[in-house]
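Asks: This is upload_33.cif, which holds mmCIF, C-alpha atoms and all ligand atoms:
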data_work
#
loop_
_atom_site.label_atom_id
_atom_site.label_comp_id
_atom_site.auth_asym_id
_atom_site.auth_seq_id
_atom_site.Cartn_x
_atom_site.Cartn_y
_atom_site.Cartn_z
CA MET K 1 50.85 133.83 104.54
CA VAL K 2 53.37 132.71 101.93
CA GLY K 3 55.31 134.59 99.28
CA ILE K 4 55.45 137.96 101.08
CA THR K 5 58.58 140.01 100.24
CA GLY K 6 59.90 142.34 102.93
CA GLY K 7 60.03 145.52 100.82
CA PHE K 8 61.57 146.86 97.62
CA VAL K 9 65.07 145.66 98.42
CA GLU K 10 64.06 142.05 98.94
CA ALA K 11 62.17 142.10 95.63
CA ILE K 12 65.44 142.60 93.72
CA GLY K 13 66.84 139.56 91.90
CA ASN K 14 65.57 136.01 91.46
CA THR K 15 64.31 136.98 88.02
CA PRO K 16 62.98 134.42 85.52
CA LEU K 17 65.22 132.99 82.81
CA ILE K 18 63.05 133.28 79.71
CA ARG K 19 63.41 130.91 76.75
CA LEU K 20 63.33 132.86 73.50
CA ARG K 21 61.23 130.37 71.60
CA ARG K 22 61.56 131.45 67.96
CA LEU K 23 65.28 132.13 68.19
CA SER K 24 65.84 128.83 69.99
CA GLU K 25 63.91 126.96 67.28
CA ALA K 26 65.76 128.77 64.50
CA THR K 27 69.22 127.95 65.89
CA GLY K 28 68.56 124.52 67.46
CA CYS K 29 69.95 125.94 70.70
CA GLN K 30 68.33 127.09 73.92
CA ILE K 31 68.61 130.86 73.87
CA LEU K 32 67.71 132.14 77.33
CA GLY K 33 67.29 135.72 78.54
CA LYS K 34 67.68 136.65 82.20
CA ALA K 35 64.63 138.87 82.75
CA GLU K 36 66.32 141.75 84.56
CA PHE K 37 63.64 144.16 83.35
CA MET K 38 61.46 142.41 85.98
CA ASN K 39 63.48 143.82 88.87
CA PRO K 40 61.31 146.27 90.89
CA GLY K 41 63.26 149.30 89.60
CA GLY K 42 62.89 147.98 86.04
CA SER K 43 66.48 147.07 85.16
CA VAL K 44 69.58 144.98 85.76
CA LYS K 45 71.07 147.94 87.63
CA ASP K 46 68.93 147.38 90.73
CA ARG K 47 71.38 144.63 91.66
CA ALA K 48 74.48 146.81 91.34
CA ALA K 49 72.80 149.73 93.14
CA LEU K 50 71.88 147.49 96.07
CA GLY K 51 75.34 145.90 96.20
CA ILE K 52 76.98 149.34 96.31
CA VAL K 53 74.61 150.74 98.97
CA GLU K 54 74.93 147.67 101.19
CA GLN K 55 78.70 147.70 100.95
CA ALA K 56 78.80 151.41 101.94
CA GLU K 57 76.47 150.68 104.87
CA ALA K 58 78.64 147.78 106.01
CA ALA K 59 81.75 149.97 105.82
CA GLY K 60 80.02 152.67 107.90
CA ALA K 61 80.39 155.21 105.07
CA LEU K 62 76.63 155.61 104.55
CA THR K 63 74.53 156.40 107.59
CA ALA K 64 70.94 157.56 108.24
CA GLY K 65 70.04 160.67 106.22
CA GLY K 66 73.18 160.34 104.04
CA THR K 67 73.30 160.96 100.29
CA VAL K 68 74.29 158.65 97.46
CA VAL K 69 75.82 160.56 94.54
CA GLU K 70 76.28 158.98 91.12
CA GLY K 71 77.03 159.73 87.51
CA THR K 72 74.71 157.47 85.54
CA ALA K 73 73.18 156.97 82.12
CA GLY K 74 69.92 156.38 83.97
CA ASN K 75 69.22 152.88 85.15
CA THR K 76 71.68 152.89 88.05
CA GLY K 77 70.25 156.21 89.18
CA ILE K 78 66.73 154.82 88.97
CA GLY K 79 67.74 151.79 91.05
CA LEU K 80 69.56 153.99 93.56
CA ALA K 81 66.61 156.39 93.88
CA HIS K 82 64.21 153.55 94.68
CA ILE K 83 66.60 151.91 97.14
CA CYS K 84 67.52 155.21 98.83
CA ASN K 85 63.83 156.08 99.28
CA ALA K 86 63.21 152.66 100.79
CA LYS K 87 66.20 152.96 103.12
CA GLY K 88 65.98 156.66 104.07
CA TYR K 89 68.84 158.18 102.04
CA ARG K 90 68.92 161.02 99.52
CA THR K 91 70.00 160.57 95.89
CA LEU K 92 71.92 163.06 93.73
CA ILE K 93 72.31 162.03 90.09
CA VAL K 94 74.50 163.51 87.35
CA ILE K 95 73.37 162.42 83.87
CA PRO K 96 74.51 163.34 80.33
CA GLU K 97 71.87 165.50 78.66
CA THR K 98 71.88 163.14 75.64
CA GLN K 99 70.06 160.44 77.62
CA SER K 100 66.37 159.76 77.02
CA GLN K 101 63.87 162.21 78.48
CA GLU K 102 61.87 159.33 79.94
CA LYS K 103 64.77 158.34 82.18
CA ILE K 104 65.59 161.91 83.25
CA SER K 105 62.00 162.74 84.18
CA LEU K 106 61.53 159.39 85.91
CA LEU K 107 64.56 160.13 88.12
CA ARG K 108 63.00 163.46 89.12
CA THR K 109 59.63 161.82 89.79
CA LEU K 110 61.36 159.29 92.03
CA GLY K 111 62.67 162.18 94.11
CA ALA K 112 66.32 162.21 93.04
CA GLU K 113 68.04 165.56 92.62
CA VAL K 114 69.16 165.50 88.97
CA ARG K 115 71.93 167.56 87.34
CA THR K 116 72.17 167.22 83.54
CA VAL K 117 75.59 167.95 82.00
CA PRO K 118 76.93 168.02 78.42
CA ALA K 119 78.12 164.64 77.14
CA VAL K 120 81.94 164.92 77.03
CA PRO K 121 84.61 162.16 77.02
CA TYR K 122 85.96 160.64 80.23
CA ARG K 123 89.29 162.49 79.87
CA ASP K 124 87.40 165.80 80.29
CA PRO K 125 87.14 166.74 84.02
CA ASN K 126 83.51 167.71 83.41
CA ASN K 127 82.57 164.23 82.20
CA TYR K 128 79.44 163.20 84.13
CA VAL K 129 81.22 160.45 86.05
CA ARG K 130 84.13 162.62 87.15
CA PHE K 131 81.79 165.53 87.95
CA SER K 132 79.71 163.26 90.22
CA GLY K 133 82.87 162.15 92.06
CA ARG K 134 83.75 165.77 92.84
CA LEU K 135 80.20 166.53 94.01
CA ALA K 136 80.32 163.56 96.42
CA GLN K 137 83.61 164.78 97.88
CA GLU K 138 82.22 168.26 98.53
CA LEU K 139 78.92 167.14 100.10
CA PRO K 140 78.96 166.19 103.82
CA GLY K 141 77.50 162.74 104.57
CA ALA K 142 77.67 161.72 100.92
CA ILE K 143 79.16 158.67 99.27
CA TRP K 144 80.08 158.27 95.61
CA ALA K 145 78.54 155.10 94.21
CA ASN K 146 81.24 155.04 91.49
CA GLN K 147 79.58 152.15 89.66
CA PHE K 148 82.29 151.92 86.98
CA ASP K 149 85.21 151.27 89.33
CA ASN K 150 83.52 150.17 92.56
CA THR K 151 83.74 146.38 92.38
CA ALA K 152 80.79 145.99 94.78
CA ASN K 153 78.94 146.25 91.43
CA ARG K 154 80.37 143.08 89.84
CA HIS K 155 80.35 141.38 93.25
CA ALA K 156 76.54 141.75 93.34
CA HIS K 157 76.34 139.81 90.05
CA TYR K 158 78.94 137.28 91.19
CA THR K 159 76.85 136.52 94.29
CA THR K 160 73.34 136.71 92.77
CA THR K 161 72.95 136.77 88.96
CA GLY K 162 75.65 134.16 88.30
CA PRO K 163 74.41 131.62 90.89
CA GLU K 164 70.80 132.15 89.75
CA ILE K 165 71.74 131.35 86.12
CA TRP K 166 73.72 128.28 87.24
CA ARG K 167 70.78 127.02 89.32
CA GLN K 168 68.12 127.82 86.70
CA THR K 169 70.00 125.95 83.97
CA ALA K 170 70.96 123.12 86.39
CA GLY K 171 74.55 123.79 85.31
CA HIS K 172 73.79 123.10 81.63
CA VAL K 173 74.93 126.45 80.32
CA HIS K 174 77.44 126.53 77.47
CA ALA K 175 77.82 130.25 76.79
CA TRP K 176 77.28 133.59 78.47
CA VAL K 177 76.91 136.65 76.25
CA ALA K 178 76.47 140.29 77.32
CA ALA K 179 77.35 143.84 76.40
CA THR K 180 79.01 145.94 79.08
CA GLY K 181 78.56 149.44 80.39
CA THR K 182 80.35 149.33 83.73
CA GLY K 183 81.14 145.67 83.05
CA GLY K 184 79.58 144.62 86.37
CA THR K 185 76.96 142.27 84.94
CA TYR K 186 79.25 140.66 82.36
CA ALA K 187 82.24 140.27 84.67
CA GLY K 188 80.41 139.07 87.79
CA VAL K 189 78.45 136.41 85.91
CA ALA K 190 81.41 135.37 83.70
CA ARG K 191 83.65 134.86 86.72
CA TYR K 192 81.04 132.84 88.61
CA LEU K 193 80.19 130.60 85.65
CA LYS K 194 83.86 129.97 84.76
CA GLU K 195 84.49 128.91 88.35
CA GLN K 196 81.69 126.35 88.11
CA ASN K 197 82.79 125.16 84.66
CA PRO K 198 85.84 126.61 82.86
CA GLY K 199 84.30 125.40 79.58
CA VAL K 200 81.51 128.02 79.66
CA ARG K 201 82.21 130.31 76.71
CA CYS K 202 82.08 134.00 77.74
CA VAL K 203 81.48 136.46 74.92
CA LEU K 204 81.46 140.23 75.26
CA ALA K 205 79.02 141.99 72.91
CA ASP K 206 79.86 145.54 71.90
CA PRO K 207 78.05 148.28 69.96
CA HIS K 208 79.74 150.68 67.53
CA GLY K 209 81.17 153.75 69.24
CA SER K 210 82.75 151.57 71.93
CA GLY K 211 86.40 150.58 72.26
CA LEU K 212 86.05 147.17 73.89
CA TYR K 213 85.77 145.12 70.69
CA SER K 214 89.09 146.50 69.42
CA TRP K 215 90.61 146.17 72.92
CA PHE K 216 89.98 142.44 72.87
CA LYS K 217 90.84 141.88 69.20
CA THR K 218 93.98 144.04 69.02
CA GLY K 219 94.90 145.08 72.56
CA ALA K 220 94.31 148.76 71.74
CA ILE K 221 91.18 150.82 72.28
CA THR K 222 90.05 152.42 69.03
CA ILE K 223 86.63 153.93 68.63
CA SER K 224 84.65 154.51 65.46
CA GLY K 225 81.01 155.18 64.72
CA SER K 226 78.26 155.57 67.28
CA SER K 227 75.22 153.71 68.59
CA MET K 228 71.57 154.34 69.39
CA THR K 229 71.94 152.12 72.47
CA GLU K 230 72.19 153.57 75.96
CA GLY K 231 74.09 152.28 78.98
CA ILE K 232 76.55 150.07 77.07
CA GLY K 233 79.93 150.45 75.41
CA ASN K 234 82.99 152.05 76.95
CA SER K 235 86.18 153.85 75.99
CA ARG K 236 88.16 152.25 78.80
CA VAL K 237 88.53 149.02 80.77
CA THR K 238 86.86 149.70 84.12
CA ALA K 239 87.91 148.14 87.43
CA ASN K 240 84.76 145.99 87.17
CA LEU K 241 85.78 144.63 83.76
CA GLU K 242 89.48 144.30 84.58
CA GLY K 243 90.52 140.63 84.78
CA ALA K 244 87.14 139.29 83.58
CA PRO K 245 87.30 136.18 81.39
CA VAL K 246 86.64 137.05 77.73
CA ASP K 247 86.78 134.19 75.18
CA ASP K 248 85.58 136.32 72.30
CA THR K 249 83.87 139.57 71.42
CA ILE K 250 81.20 140.36 68.85
CA ARG K 251 80.30 143.76 67.44
CA ILE K 252 76.64 144.31 66.62
CA GLY K 253 75.41 147.20 64.45
CA ASP K 254 72.41 149.33 65.38
CA GLN K 255 70.14 148.15 62.55
CA THR K 256 70.75 144.50 63.52
CA ALA K 257 69.99 145.32 67.16
CA LEU K 258 66.87 147.27 66.17
CA ASN K 259 65.59 144.41 64.01
CA MET K 260 66.08 142.10 66.99
CA ILE K 261 64.18 144.39 69.36
CA TYR K 262 61.17 144.36 67.03
CA ARG K 263 61.42 140.58 66.55
CA LEU K 264 61.44 140.13 70.34
CA LEU K 265 58.33 142.28 70.53
CA TRP K 266 56.43 140.62 67.67
CA ASP K 267 57.58 137.00 68.08
CA GLU K 268 58.20 136.63 71.80
CA GLY K 269 55.96 139.35 73.29
CA LEU K 270 58.94 141.04 74.93
CA PHE K 271 59.07 144.88 74.86
CA MET K 272 62.80 145.55 75.35
CA GLY K 273 65.37 148.36 75.44
CA GLY K 274 68.23 148.86 72.97
CA SER K 275 71.00 147.00 74.79
CA VAL K 276 68.84 143.87 74.71
CA GLY K 277 68.93 144.03 70.89
CA ILE K 278 72.74 143.94 71.02
CA ASN K 279 72.76 141.13 73.60
CA VAL K 280 70.27 138.86 71.87
CA ALA K 281 71.70 139.42 68.38
CA ALA K 282 75.13 138.47 69.77
CA ALA K 283 73.65 135.43 71.55
CA VAL K 284 72.16 134.24 68.24
CA GLN K 285 75.56 134.68 66.56
CA VAL K 286 77.22 132.63 69.32
CA ALA K 287 74.52 129.93 68.91
CA GLN K 288 75.21 129.79 65.16
CA GLU K 289 78.96 129.56 65.77
CA MET K 290 78.64 126.81 68.41
CA GLY K 291 76.00 124.83 66.52
CA PRO K 292 72.75 123.14 67.64
CA GLY K 293 72.34 121.62 71.09
CA HIS K 294 73.94 124.40 73.12
CA CYS K 295 72.48 126.59 75.85
CA ILE K 296 73.28 130.28 75.48
CA VAL K 297 72.36 132.75 78.24
CA THR K 298 72.16 136.51 77.87
CA VAL K 299 70.52 139.36 79.76
CA LEU K 300 67.31 141.29 79.10
CA CYS K 301 68.56 144.49 80.77
CA ASP K 302 65.52 146.78 80.72
CA GLY K 303 62.15 147.33 79.08
CA GLY K 304 61.18 149.26 75.95
CA SER K 305 58.98 151.86 77.65
CA ARG K 306 62.13 153.74 78.70
CA TYR K 307 62.84 154.30 74.98
CA GLN K 308 59.32 154.88 73.64
CA SER K 309 60.25 158.24 72.10
CA ARG K 310 63.38 156.82 70.47
CA LEU K 311 63.58 153.18 69.39
CA PHE K 312 59.83 153.03 68.86
CA ASP K 313 59.48 156.40 67.13
CA ASP K 314 59.74 156.43 63.32
CA HIS K 315 60.90 160.04 63.12
CA TRP K 316 63.71 159.52 65.65
CA LEU K 317 64.86 156.38 63.85
CA ARG K 318 64.82 158.02 60.41
CA GLN K 319 66.92 160.94 61.71
CA ARG K 320 69.60 158.41 62.63
CA GLY K 321 69.45 156.57 59.31
CA LEU K 322 67.73 153.58 60.92
CA GLN K 323 64.74 151.79 59.51
CA ARG K 324 61.82 150.50 61.53
CA PRO K 325 61.59 146.83 60.47
CA CYS K 326 58.41 145.50 58.85
CA PRO K 327 56.39 142.81 60.68
N1 LIG D 401 71.87 147.83 79.43
C1 LIG D 401 71.36 148.92 80.01
C2 LIG D 401 70.07 149.45 79.50
C3 LIG D 401 72.04 149.56 81.06
O1 LIG D 401 71.54 150.65 81.63
C4 LIG D 401 73.28 149.02 81.49
C5 LIG D 401 74.03 149.69 82.61
N2 LIG D 401 74.78 150.81 82.25
C6 LIG D 401 73.79 147.89 80.84
C7 LIG D 401 73.05 147.31 79.83
C8 LIG D 401 75.14 147.32 81.17
O2 LIG D 401 75.27 146.81 82.46
P1 LIG D 401 76.64 146.90 83.24
O3 LIG D 401 76.82 148.31 83.74
O4 LIG D 401 76.49 145.92 84.37
O5 LIG D 401 77.77 146.54 82.32
#
As structure tokens, what does this structure read like?
Replies:
Amino acid sequence: MVGITGGFVEAIGNTPLIRLRRLSEATGCQILGKAEFMNPGGSVKDRAALGIVEQAEAAGALTAGGTVVEGTAGNTGIGLAHICNAKGYRTLIVIPETQSQEKISLLRTLGAEVRTVPAVPYRDPNNYVRFSGRLAQELPGAIWANQFDNTANRHAHYTTTGPEIWRQTAGHVHAWVAATGTGGTYAGVARYLKEQNPGVRCVLADPHGSGLYSWFKTGAITISGSSMTEGIGNSRVTANLEGAPVDDTIRIGDQTALNMIYRLLWDEGLFMGGSVGINVAAAVQVAQEMGPGHCIVTVLCDGGSRYQSRLFDDHWLRQRGLQRPCP
């Protein structure tokens, strides 16, 4: 027998790098999307979740029957729940109640214990991330995944996503573009690619409501507006993002991202989540800035079905002053 994978964990990674045909033709560049929605847990966060669990196992902190606790906007929790089921651990997830119902109910279906909490800023001790850290401390046999500041997260991308992109493009990659939540994906890949070729341009994409664009442009974190996207943007520089190479940053508005999500669906057949709209719109901008003949890689973080009742619902969009684009 050939092509048999030894379980959920081994099915993570080695995702296709998809050429976005229309956008490539329009810009004269190769615009490529790393198909992280094809991971078995459905998102880029399977890689970080696995990296964190394996590091805790190796350190002896996570043992049979133990619990992994995490504060997550959803996808990390989903990845952790799958991996913990496959490996015999329990999962306890703290999630802001503003996150999509699809993700919250999926976590419960997967068997995670889920606590929803009000969405409050990081400086508030009841912020979902800080709350999850306290829960992990109080629970015997538990570890705190701590995806924002546990650098096992970016290390997973440094050792898998980055090398895969380098191999798949045969080293002919000119730019790497991604939005950041924890910063793990962006930083791990950026560091790996820069080590192979310091000329690879690394561009951080940022939605409104996040402070990273202003951090790069001015050195200070200032936040204005908000975004329909989930899982990206930050009000601080995490340990995962700290020290990552950033050549430039691009801010993408929600309507631009939304238009891109629908174009990906109609033109490329790709049904994608909101952060992908930010990533691909930024990749197109980088392609336009660099000019024809360049290869730009970004990440297709998760699929659209997780946002069916939001990004693909006219009423929800209208309430936020967004317009569903016309075919
Ligand atoms: N897009 C989505 C949908 C996500 O859930 C996340 C993770 N929070 C990201 C992008 C950003 O990934 P990272 O945490 O590696 O920066």
Asks: Give the residues close to ligand LIG 401 (chain D), within 6 Å, counting all atoms listed in the file; write them as a ChimeraX atom specification.
Replies: /K:75,180-185,230-232,275,301-302
Asks: Residues at most 9 Å from His172 in chain K, counting all atoms listed in the file, excluding those fewer than 3 positions away in the same chain, as a list of chain:residue names?
Replies: K:Trp166, K:Gln168, K:Thr169, K:His294, K:Cys295
Asks: Restricting the calculation to all atoms listed in the file: of K:Ile104, K:Leu20, K:Ala56, K:Ala179, which residue gets closest to His208 in chain K?
Replies: K:Ala179
Asks: Rank K:Ala119, K:Cys326, K:Ile95, K:Leu204 by their smallest atom-to-atom distance to Leu241 in chain K, using all atoms listed in the file, and report the top residue only.
Replies: K:Leu204
Asks: Using all atoms listed in the file, which protein or nucleic acid residues come within 9 Å of Gly188 in chain K? Drop anything in the same chain fewer than 6 positions from it, and give the result as a list of chain:residue names.
Replies: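 Listed by chain and then number, they are K:Asn153, K:Arg154, K:His155, K:Ala156, K:His157, K:Tyr158, K:Thr159, K:Thr160, K:Thr161, K:Gly162, K:Asn240, K:Leu241, K:Ala244.
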Asks: Calculated over only C-alpha atoms, which of the candidates K:Arg320, K:Ala239, K:Glu268, K:Gly303 has the smallest distance to Arg19 in chain K?
Replies: K:Glu268
Asks: Taking into account only C-alpha atoms, which residue in the set K:Pro327, K:Gly77, K:Gly291, K:Gly219 is nearest to Val44 in chain K?
Replies: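 Checking each candidate against Val44 in chain K, we get K:Gly77 as the closest.
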Asks: Can you tell me, as a compact mmCIF listing (two decimals) with C-alpha atoms, keeping the file's coordinate frame, what residues are no more than 6 Å from Ala142 in chain K when counting only C-alpha atoms, ignoring any on the same chain fewer than 3 positions away?
Replies:
# COMPACT_ATOMS: atom_id res chain seq x y z
CA GLY K 66 73.18 160.34 104.04
CA THR K 67 73.30 160.96 100.29
CA VAL K 68 74.29 158.65 97.46
CA ALA K 136 80.32 163.56 96.42
CA LEU K 139 78.92 167.14 100.10
Asks: Between K:Arg130, K:Arg324, K:Arg123, K:Lys103, which has the minimum distance to Thr256 in chain K (counting all atoms listed in the file)?
Replies: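 Checking each of K:Arg130, K:Arg324, K:Arg123, K:Lys103 against Thr256 in chain K, counting all atoms listed in the file, the winner is K:Arg324.
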Asks: Smallest atom-to-atom distance to Ile52 in chain K: which of K:Ala152, K:Ile12, K:Gly6, K:Met272, using only C-alpha atoms?
Replies: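 Closest to Ile52 in chain K, using only C-alpha atoms: K:Ala152.
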Asks: Which distance in Å separates CA of Ala281 in chain K and CA of Ala190 in chain K, to one decimal?
Replies: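 Taking CA of Ala281 in chain K as the start and CA of Ala190 in chain K as the end point, the length is 18.6 Å.
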Asks: Extract, using only C-alpha atoms, all DNA, RNA and protein residues at most 10 Å from Ala35 in chain K, discarding same-chain residues fewer than 2 positions from it, and format them as a short mmCIF file (atom, residue, chain, number, x, y, z; two decimals) with C-alpha atoms, keeping the file's coordinate frame.
Replies:
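Written output follows (around-v9.cif):
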data_model
loop_
_atom_site.label_atom_id
_atom_site.label_comp_id
_atom_site.auth_asym_id
_atom_site.auth_seq_id
_atom_site.Cartn_x
_atom_site.Cartn_y
_atom_site.Cartn_z
CA GLY K 13 66.84 139.56 91.90
CA ASN K 14 65.57 136.01 91.46
CA THR K 15 64.31 136.98 88.02
CA PRO K 16 62.98 134.42 85.52
CA LEU K 17 65.22 132.99 82.81
CA ILE K 18 63.05 133.28 79.71
CA LEU K 32 67.71 132.14 77.33
CA GLY K 33 67.29 135.72 78.54
CA PHE K 37 63.64 144.16 83.35
CA MET K 38 61.46 142.41 85.98
CA ASN K 39 63.48 143.82 88.87
CA GLY K 42 62.89 147.98 86.04
CA SER K 43 66.48 147.07 85.16
CA VAL K 44 69.58 144.98 85.76
CA LEU K 270 58.94 141.04 74.93
CA THR K 298 72.16 136.51 77.87
CA VAL K 299 70.52 139.36 79.76
CA LEU K 300 67.31 141.29 79.10
CA CYS K 301 68.56 144.49 80.77
CA ASP K 302 65.52 146.78 80.72
CA GLY K 303 62.15 147.33 79.08
#
Asks: Applying 12 Å and all atoms listed in the file, which residues near Gln55 in chain K remain after dropping the ones on its own chain fewer than 3 positions away? List them as a ChimeraX atom specification.
Replies: /K:48-52,58-63,143-145,150-153,155-156
Asks: Mind giving me the straight-line distance from CA of Ile78 in chain K to CA of Leu106 in chain K in Å, one decimal?
Replies: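 Between these atoms lies a distance of 7.6 Å.
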Asks: Dump as an MDAnalysis selection string all residues having an atom at most 9 Å from (88.5, 132.2, 72.5), computed in the file's coordinates with only C-alpha atoms.
Replies: chainID K and resid 201:203 246:249
Asks: Work out how far apart CA of Glu164 in chain K and CA of Ala86 in chain K are and give it in Å to one decimal.
Replies: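 Distance reported for this atom pair: 24.5 Å.
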